[in-house]
>>> print(open('input25.pdb').read())   # PDB, C-alpha atoms
ATOM      1  CA  MET A   1     -62.994  59.017 -10.225
ATOM      2  CA  SER A   2     -61.734  57.959  -6.794
ATOM      3  CA  LEU A   3     -58.358  56.279  -6.230
ATOM      4  CA  ARG A   4     -60.082  52.923  -5.789
ATOM      5  CA  SER A   5     -61.942  52.981  -9.083
ATOM      6  CA  PRO A   6     -58.966  52.546 -11.491
ATOM      7  CA  ARG A   7     -57.800  49.564  -9.444
ATOM      8  CA  LEU A   8     -61.264  48.105  -9.601
ATOM      9  CA  VAL A   9     -61.370  48.584 -13.361
ATOM     10  CA  VAL A  10     -57.991  46.866 -13.781
ATOM     11  CA  LEU A  11     -59.124  43.998 -11.555
ATOM     12  CA  LEU A  12     -62.367  43.577 -13.481
ATOM     13  CA  ALA A  13     -60.495  43.683 -16.805
ATOM     14  CA  ALA A  14     -58.105  40.991 -15.606
ATOM     15  CA  LEU A  15     -60.985  38.818 -14.432
ATOM     16  CA  CYS A  16     -62.781  39.316 -17.732
ATOM     17  CA  ALA A  17     -59.639  38.436 -19.699
ATOM     18  CA  ALA A  18     -59.191  35.276 -17.658
ATOM     19  CA  ALA A  19     -62.813  34.294 -18.174
ATOM     20  CA  CYS A  20     -62.665  34.975 -21.911
ATOM     21  CA  SER A  21     -59.448  33.017 -22.585
ATOM     22  CA  SER A  22     -60.991  29.728 -23.629
ATOM     23  CA  SER A  23     -59.245  26.385 -23.651
ATOM     24  CA  SER A  24     -61.750  24.986 -26.129
ATOM     25  CA  TYR A  25     -60.957  24.755 -29.836
ATOM     26  CA  GLN A  26     -62.801  23.775 -32.963
ATOM     27  CA  ARG A  27     -60.928  22.140 -35.811
ATOM     28  CA  VAL A  28     -61.946  20.286 -38.941
ATOM     29  CA  VAL A  29     -60.993  16.628 -38.740
ATOM     30  CA  SER A  30     -60.992  14.215 -41.653
ATOM     31  CA  VAL A  31     -59.973  10.581 -41.836
ATOM     32  CA  ASN A  32     -59.027   8.634 -44.943
ATOM     33  CA  PRO A  33     -61.059   6.426 -45.390
ATOM     34  CA  PRO A  34     -63.976   8.592 -44.234
ATOM     35  CA  ASP A  35     -66.030   5.636 -42.997
ATOM     36  CA  ALA A  36     -63.420   4.953 -40.306
ATOM     37  CA  SER A  37     -64.681   5.501 -36.774
ATOM     38  CA  LEU A  38     -63.314   8.486 -34.881
ATOM     39  CA  TYR A  39     -62.695   8.514 -31.121
ATOM     40  CA  ILE A  40     -61.665  11.524 -29.053
ATOM     41  CA  ASN A  41     -60.378  10.815 -25.540
ATOM     42  CA  GLY A  42     -61.671   7.246 -25.767
ATOM     43  CA  VAL A  43     -65.211   8.253 -26.715
ATOM     44  CA  LYS A  44     -66.633   7.464 -30.131
ATOM     45  CA  ILE A  45     -67.814  10.661 -31.758
ATOM     46  CA  GLY A  46     -68.784   9.347 -35.194
ATOM     47  CA  LYS A  47     -67.232   8.628 -38.559
ATOM     48  CA  GLY A  48     -64.178  10.258 -40.059
ATOM     49  CA  ASP A  49     -65.973  12.330 -42.681
ATOM     50  CA  ARG A  50     -64.656  15.888 -42.895
ATOM     51  CA  ARG A  51     -66.354  18.033 -40.248
ATOM     52  CA  PRO A  52     -65.514  20.382 -37.365
ATOM     53  CA  ARG A  53     -64.859  18.759 -33.996
ATOM     54  CA  GLU A  54     -64.543  20.242 -30.508
ATOM     55  CA  PHE A  55     -61.371  19.858 -28.438
ATOM     56  CA  ASP A  56     -61.368  20.948 -24.816
ATOM     57  CA  PHE A  57     -58.163  21.381 -22.823
ATOM     58  CA  ALA A  58     -59.796  22.742 -19.664
ATOM     59  CA  THR A  59     -58.972  19.649 -17.614
ATOM     60  CA  VAL A  60     -56.363  17.828 -19.720
ATOM     61  CA  GLY A  61     -52.871  18.552 -21.008
ATOM     62  CA  ARG A  62     -53.401  16.719 -24.276
ATOM     63  CA  VAL A  63     -56.172  14.993 -26.180
ATOM     64  CA  CYS A  64     -56.121  11.551 -27.727
ATOM     65  CA  ILE A  65     -57.527  11.123 -31.234
ATOM     66  CA  GLN A  66     -57.997   7.610 -32.610
ATOM     67  CA  ALA A  67     -59.288   6.335 -35.930
ATOM     68  CA  VAL A  68     -60.203   2.705 -36.517
ATOM     69  CA  HIS A  69     -61.465   0.758 -39.538
ATOM     70  CA  PRO A  70     -61.766  -3.025 -39.979
ATOM     71  CA  ASP A  71     -59.510  -3.082 -43.059
ATOM     72  CA  TYR A  72     -56.881  -0.582 -41.906
ATOM     73  CA  LYS A  73     -54.309  -0.197 -39.146
ATOM     74  CA  PRO A  74     -55.680   2.018 -36.368
ATOM     75  CA  GLU A  75     -53.998   5.375 -35.766
ATOM     76  CA  VAL A  76     -53.506   7.222 -32.486
ATOM     77  CA  GLU A  77     -52.563  10.902 -32.313
ATOM     78  CA  TRP A  78     -51.923  12.934 -29.175
ATOM     79  CA  LEU A  79     -52.310  16.699 -29.464
ATOM     80  CA  THR A  80     -51.296  19.247 -26.849
ATOM     81  CA  GLU A  81     -52.994  22.604 -26.538
ATOM     82  CA  ALA A  82     -49.935  24.162 -28.232
ATOM     83  CA  ASP A  83     -50.359  21.747 -31.166
ATOM     84  CA  MET A  84     -54.017  22.683 -31.406
ATOM     85  CA  ARG A  85     -53.295  26.425 -31.199
ATOM     86  CA  ASN A  86     -50.794  25.987 -34.026
ATOM     87  CA  LEU A  87     -53.425  24.246 -36.172
ATOM     88  CA  VAL A  88     -55.866  27.078 -35.470
ATOM     89  CA  ASP A  89     -53.281  29.815 -36.132
ATOM     90  CA  THR A  90     -52.285  28.252 -39.454
ATOM     91  CA  ASN A  91     -55.884  27.331 -40.307
ATOM     92  CA  THR A  92     -54.818  23.729 -40.829
ATOM     93  CA  ASP A  93     -57.235  20.824 -40.754
ATOM     94  CA  LEU A  94     -56.388  17.691 -38.835
ATOM     95  CA  LYS A  95     -55.999  14.872 -41.356
ATOM     96  CA  ILE A  96     -55.519  11.241 -40.412
ATOM     97  CA  THR A  97     -54.666   8.692 -43.079
ATOM     98  CA  LEU A  98     -54.934   5.015 -42.229
ATOM     99  CA  SER A  99     -52.684   2.403 -43.836
ATOM    100  CA  PRO A 100     -54.234  -0.814 -45.176
ATOM    101  CA  ARG A 101     -53.585  -3.897 -43.052
TER     102      ARG A 101
ATOM    103  CA  MET B   1     -45.500  25.471  25.366
ATOM    104  CA  ASN B   2     -48.081  23.287  27.105
ATOM    105  CA  PRO B   3     -48.351  19.545  26.276
ATOM    106  CA  ARG B   4     -51.637  19.931  24.418
ATOM    107  CA  ALA B   5     -50.236  22.593  22.129
ATOM    108  CA  LYS B   6     -47.175  20.421  21.476
ATOM    109  CA  THR B   7     -49.400  17.473  20.534
ATOM    110  CA  LEU B   8     -51.464  19.644  18.208
ATOM    111  CA  LEU B   9     -48.328  21.054  16.626
ATOM    112  CA  ALA B  10     -46.905  17.533  16.104
ATOM    113  CA  LEU B  11     -50.194  16.351  14.554
ATOM    114  CA  ALA B  12     -50.306  19.354  12.238
ATOM    115  CA  ALA B  13     -46.682  18.790  11.203
ATOM    116  CA  GLY B  14     -47.426  15.117  10.581
ATOM    117  CA  ALA B  15     -50.469  15.923   8.469
ATOM    118  CA  LEU B  16     -48.473  18.464   6.486
ATOM    119  CA  ALA B  17     -45.656  15.963   5.896
ATOM    120  CA  THR B  18     -48.166  13.338   4.763
ATOM    121  CA  ALA B  19     -49.819  15.786   2.407
ATOM    122  CA  CYS B  20     -46.495  16.828   0.913
ATOM    123  CA  ASN B  21     -45.258  13.248   0.450
ATOM    124  CA  SER B  22     -48.507  11.752  -0.842
ATOM    125  CA  VAL B  23     -48.462  10.132  -4.256
ATOM    126  CA  PRO B  24     -51.087  11.647  -6.557
ATOM    127  CA  THR B  25     -53.662   9.251  -7.943
ATOM    128  CA  LYS B  26     -56.116   9.531 -10.782
ATOM    129  CA  LYS B  27     -59.147   7.505 -11.789
ATOM    130  CA  LEU B  28     -58.522   6.097 -15.251
ATOM    131  CA  THR B  29     -61.051   4.119 -17.272
ATOM    132  CA  PHE B  30     -59.928   1.539 -19.814
ATOM    133  CA  ASP B  31     -61.715  -0.193 -22.635
ATOM    134  CA  VAL B  32     -60.345  -2.523 -25.287
ATOM    135  CA  ILE B  33     -61.653  -3.252 -28.774
ATOM    136  CA  ASP B  34     -60.395  -4.863 -31.964
ATOM    137  CA  GLY B  35     -60.185  -3.339 -35.449
ATOM    138  CA  SER B  36     -63.878  -4.067 -36.014
ATOM    139  CA  GLU B  37     -64.730  -2.265 -32.746
ATOM    140  CA  ARG B  38     -65.776  -5.448 -30.990
ATOM    141  CA  PRO B  39     -64.917  -5.688 -27.289
ATOM    142  CA  LYS B  40     -61.757  -7.732 -26.686
ATOM    143  CA  PRO B  41     -60.901  -9.472 -23.399
ATOM    144  CA  ALA B  42     -57.714  -7.966 -21.993
ATOM    145  CA  LEU B  43     -55.594  -7.492 -18.898
ATOM    146  CA  ILE B  44     -54.590  -3.975 -17.826
ATOM    147  CA  VAL B  45     -51.081  -3.882 -16.313
ATOM    148  CA  VAL B  46     -49.872  -0.743 -14.550
ATOM    149  CA  ASP B  47     -46.109  -0.083 -14.410
ATOM    150  CA  ASP B  48     -45.342  -3.717 -15.263
ATOM    151  CA  ASP B  49     -46.923  -5.026 -12.034
ATOM    152  CA  TRP B  50     -48.373  -8.268 -13.425
ATOM    153  CA  VAL B  51     -48.935  -9.858 -10.017
ATOM    154  CA  LYS B  52     -51.071  -6.952  -8.851
ATOM    155  CA  ALA B  53     -52.942  -6.910 -12.158
ATOM    156  CA  TRP B  54     -54.031 -10.521 -11.619
ATOM    157  CA  ASP B  55     -54.593 -10.151  -7.861
ATOM    158  CA  ALA B  56     -56.839  -7.138  -8.450
ATOM    159  CA  ASN B  57     -58.525  -8.804 -11.449
ATOM    160  CA  GLN B  58     -57.728  -5.865 -13.724
ATOM    161  CA  VAL B  59     -59.521  -7.367 -16.722
ATOM    162  CA  VAL B  60     -62.066  -6.069 -19.229
ATOM    163  CA  ASN B  61     -64.588  -7.775 -21.507
ATOM    164  CA  VAL B  62     -64.219 -11.200 -19.891
ATOM    165  CA  THR B  63     -67.717 -11.916 -18.569
ATOM    166  CA  GLU B  64     -69.458  -9.193 -20.565
ATOM    167  CA  ASP B  65     -68.819  -6.042 -22.610
ATOM    168  CA  ASP B  66     -67.535  -3.781 -19.869
ATOM    169  CA  GLU B  67     -64.726  -1.388 -18.983
ATOM    170  CA  LEU B  68     -62.367  -1.039 -16.045
ATOM    171  CA  THR B  69     -61.847   1.982 -13.817
ATOM    172  CA  LEU B  70     -58.709   2.025 -11.688
ATOM    173  CA  ASP B  71     -57.248   4.437  -9.150
ATOM    174  CA  VAL B  72     -53.806   4.740 -10.692
ATOM    175  CA  ALA B  73     -50.963   6.094  -8.552
ATOM    176  CA  PHE B  74     -48.448   8.430 -10.172
ATOM    177  CA  PRO B  75     -45.245   8.050  -8.109
ATOM    178  CA  SER B  76     -43.450   9.751 -11.004
ATOM    179  CA  SER B  77     -44.699  12.059 -13.747
ATOM    180  CA  THR B  78     -45.802   9.149 -15.949
ATOM    181  CA  VAL B  79     -47.118   5.605 -15.645
ATOM    182  CA  GLU B  80     -46.785   2.829 -18.173
ATOM    183  CA  ILE B  81     -50.029   1.078 -19.065
ATOM    184  CA  THR B  82     -49.728  -2.243 -20.863
ATOM    185  CA  VAL B  83     -52.816  -3.896 -22.300
ATOM    186  CA  VAL B  84     -52.493  -7.534 -23.329
ATOM    187  CA  PRO B  85     -55.061  -9.809 -24.966
ATOM    188  CA  LEU B  86     -56.644 -12.679 -23.055
ATOM    189  CA  THR B  87     -58.264 -15.883 -24.217
ATOM    190  CA  VAL B  88     -61.646 -16.565 -22.642
ATOM    191  CA  ALA B  89     -63.642 -19.790 -22.368
ATOM    192  CA  ASN B  90     -67.092 -19.984 -20.757
ATOM    193  CA  LYS B  91     -66.745 -16.385 -19.595
ATOM    194  CA  LYS B  92     -63.570 -17.215 -17.669
ATOM    195  CA  VAL B  93     -59.955 -16.343 -18.412
ATOM    196  CA  ALA B  94     -58.464 -19.436 -20.047
ATOM    197  CA  ASN B  95     -54.838 -18.592 -19.334
ATOM    198  CA  LYS B  96     -53.011 -16.137 -17.099
ATOM    199  CA  PRO B  97     -50.062 -14.696 -18.993
ATOM    200  CA  MET B  98     -47.317 -13.014 -16.984
ATOM    201  CA  SER B  99     -45.581 -11.314 -19.892
ATOM    202  CA  ARG B 100     -46.445  -9.499 -23.098
ATOM    203  CA  LYS B 101     -44.853 -12.292 -25.138
ATOM    204  CA  ASP B 102     -46.918 -15.019 -23.450
ATOM    205  CA  ALA B 103     -50.130 -13.058 -23.851
ATOM    206  CA  THR B 104     -49.731 -12.205 -27.521
ATOM    207  CA  GLU B 105     -48.550 -15.685 -28.503
ATOM    208  CA  VAL B 106     -51.449 -17.464 -26.792
ATOM    209  CA  ALA B 107     -54.165 -15.038 -27.895
ATOM    210  CA  GLY B 108     -52.748 -14.422 -31.386
ATOM    211  CA  MET B 109     -53.391 -10.707 -30.955
ATOM    212  CA  THR B 110     -51.150  -7.682 -30.595
ATOM    213  CA  ASP B 111     -50.712  -5.826 -27.304
ATOM    214  CA  GLU B 112     -50.328  -2.097 -26.687
ATOM    215  CA  ALA B 113     -48.315  -0.069 -24.212
ATOM    216  CA  ARG B 114     -48.980   3.592 -23.538
ATOM    217  CA  THR B 115     -47.214   6.106 -21.315
ATOM    218  CA  LEU B 116     -49.773   8.225 -19.492
ATOM    219  CA  LYS B 117     -49.420  11.512 -17.635
ATOM    220  CA  LEU B 118     -51.379  12.737 -14.642
ATOM    221  CA  ASN B 119     -53.157  15.387 -16.706
ATOM    222  CA  ASP B 120     -54.140  13.015 -19.521
ATOM    223  CA  PRO B 121     -57.823  12.316 -20.250
ATOM    224  CA  GLN B 122     -59.659  10.007 -17.871
ATOM    225  CA  ARG B 123     -60.803   7.504 -20.479
ATOM    226  CA  HIS B 124     -58.480   5.358 -22.599
ATOM    227  CA  LEU B 125     -59.336   3.113 -25.507
ATOM    228  CA  PHE B 126     -56.898   0.441 -26.614
ATOM    229  CA  ILE B 127     -57.198  -1.248 -29.998
ATOM    230  CA  LEU B 128     -55.740  -4.737 -30.381
ATOM    231  CA  LEU B 129     -55.329  -6.448 -33.738
ATOM    232  CA  PRO B 130     -54.702 -10.011 -34.895
ATOM    233  CA  LYS B 131     -50.962 -10.669 -34.946
ATOM    234  CA  PRO B 132     -49.506 -10.516 -38.445
ATOM    235  CA  ARG B 133     -48.551 -13.931 -39.783
ATOM    236  CA  SER B 134     -44.801 -14.470 -39.654
TER     237      SER B 134
END
>>> encode(input="input25.pdb", output="structure tokens")
Amino acid sequence: MSLRSPRLVVLLAALCAAACSSSSYQRVVSVNPPDASLYINGVKIGKGDRRPREFDFATVGRVCIQAVHPDYKPEVEWLTEADMRNLVDTNTDLKITLSPR
Amino acid sequence: MNPRAKTLLALAAGALATACNSVPTKKLTFDVIDGSERPKPALIVVDDDWVKAWDANQVVNVTEDDELTLDVAFPSSTVEITVVPLTVANKKVANKPMSRKDATEVAGMTDEARTLKLNDPQRHLFILLPKPRS
């Protein structure tokens, strides 16, 4: 192998590692009550029944999660990528409980 | 150095200084709903600049169910966004509050303030509720 080849391999490995390190996470989210509406970054994504949701930190430093129900006080939670990584590492679901109004 | 080169150098230095001193801006989109997810008329106030908010007509859901996109300047690391409820009659703003207290008392709804960072999401939803009876 020539002198250049090991450098090339290291460079390719670094590029591959950078490409493979994703800033996207999947976590189970559940809201109590489950018929509350769930919004992520201001976009309604459905109801709060327990299911996996996608969180992407490629362009943002934190994500905003909101749950709203006509009979309950709305909740807002901000999660950083470190918060999300911690949830993934500890295999913890994201649970939001609304208080009655 | 010849005069032309000096001029070019001065222009380049000026451009560099402008670039270094420029305040970053970000397009932010705002929408406002109530607890039943119905659109609520509201005023969007950036960094407590109420005069500019009215001058620039920074309102949502007044004439129709819409949202507002603003180029928000970040002179510091955060900006304070205040969303206050408005009363609307015949698709026109019925009163022009200049404070959070005025707005919430007249509309009978809560307001919401949020501190935003430059790398926050582009879209922001505010949820206003009827004011609790005192």
>>> closest_residue(input="input25.pdb", among="B:Pro85, B:Pro132, B:Pro121, B:Pro97", to="Ile33 of chain B", atoms="only C-alpha atoms")
B:Pro85
>>> resolve_selection(input="input25.pdb", expression="the PyMOL selection byres ((chain A) within 9 of (chain B))", output="list of chain:residue names")
A:Ser37, A:Tyr39, A:Asn41, A:Gly42, A:Val43, A:Thr59, A:Val60, A:Gly61, A:Arg62, A:Val63, A:Cys64, A:Gln66, A:Val68, A:His69, A:Pro70, A:Asp71, A:Tyr72, A:Lys73, A:Pro74
>>> closest_residue(input="input25.pdb", among="B:Ala113, B:Val46, B:Val23, B:Ala89", to="Thr63 of chain B", atoms="only C-alpha atoms")
B:Ala89
>>> resolve_selection(input="input25.pdb", expression="the PyMOL selection byres ((chain B and resi 68) around 9)", output="count of residues only")
13
>>> atom_distance(input="input25.pdb", atom1="atom CA of Pro24 of chain B", atom2="atom CA of Asp83 of chain A")
26.6 Å
>>> resolve_selection(input="input25.pdb", expression="the PyMOL selection byres ((chain B and resi 92) around 12)", output="VMD selection string")
chain B and resid 41 to 42 57 59 to 64 86 to 91 93 to 96
>>> atom_distance(input="input25.pdb", atom1="atom CA of Glu80 of chain B", atom2="atom CA of Asp48 of chain B")
7.3 Å
>>> atom_distance(input="input25.pdb", atom1="atom CA of Ala107 of chain B", atom2="atom CA of Trp50 of chain B")
17.0 Å
>>> residues_near_point(input="input25.pdb", point="(-56.6, 27.7, -30.1)", cutoff="8 Å", atoms="only C-alpha atoms", output="MDAnalysis selection string")
chainID A and resid 23:26 81:82 84:89
>>> closest_residue(input="input25.pdb", among="A:Ala58, A:Asn91, A:Glu75, A:Arg51", to="Val28 of chain A", atoms="all atoms listed in the file")
A:Arg51
>>> residues_around(input="input25.pdb", residues="Arg27 of chain A", least_positions_apart="3", cutoff="7 Å", atoms="all atoms listed in the file", output="PyMOL selection string")
chain A and resi 52-54+93
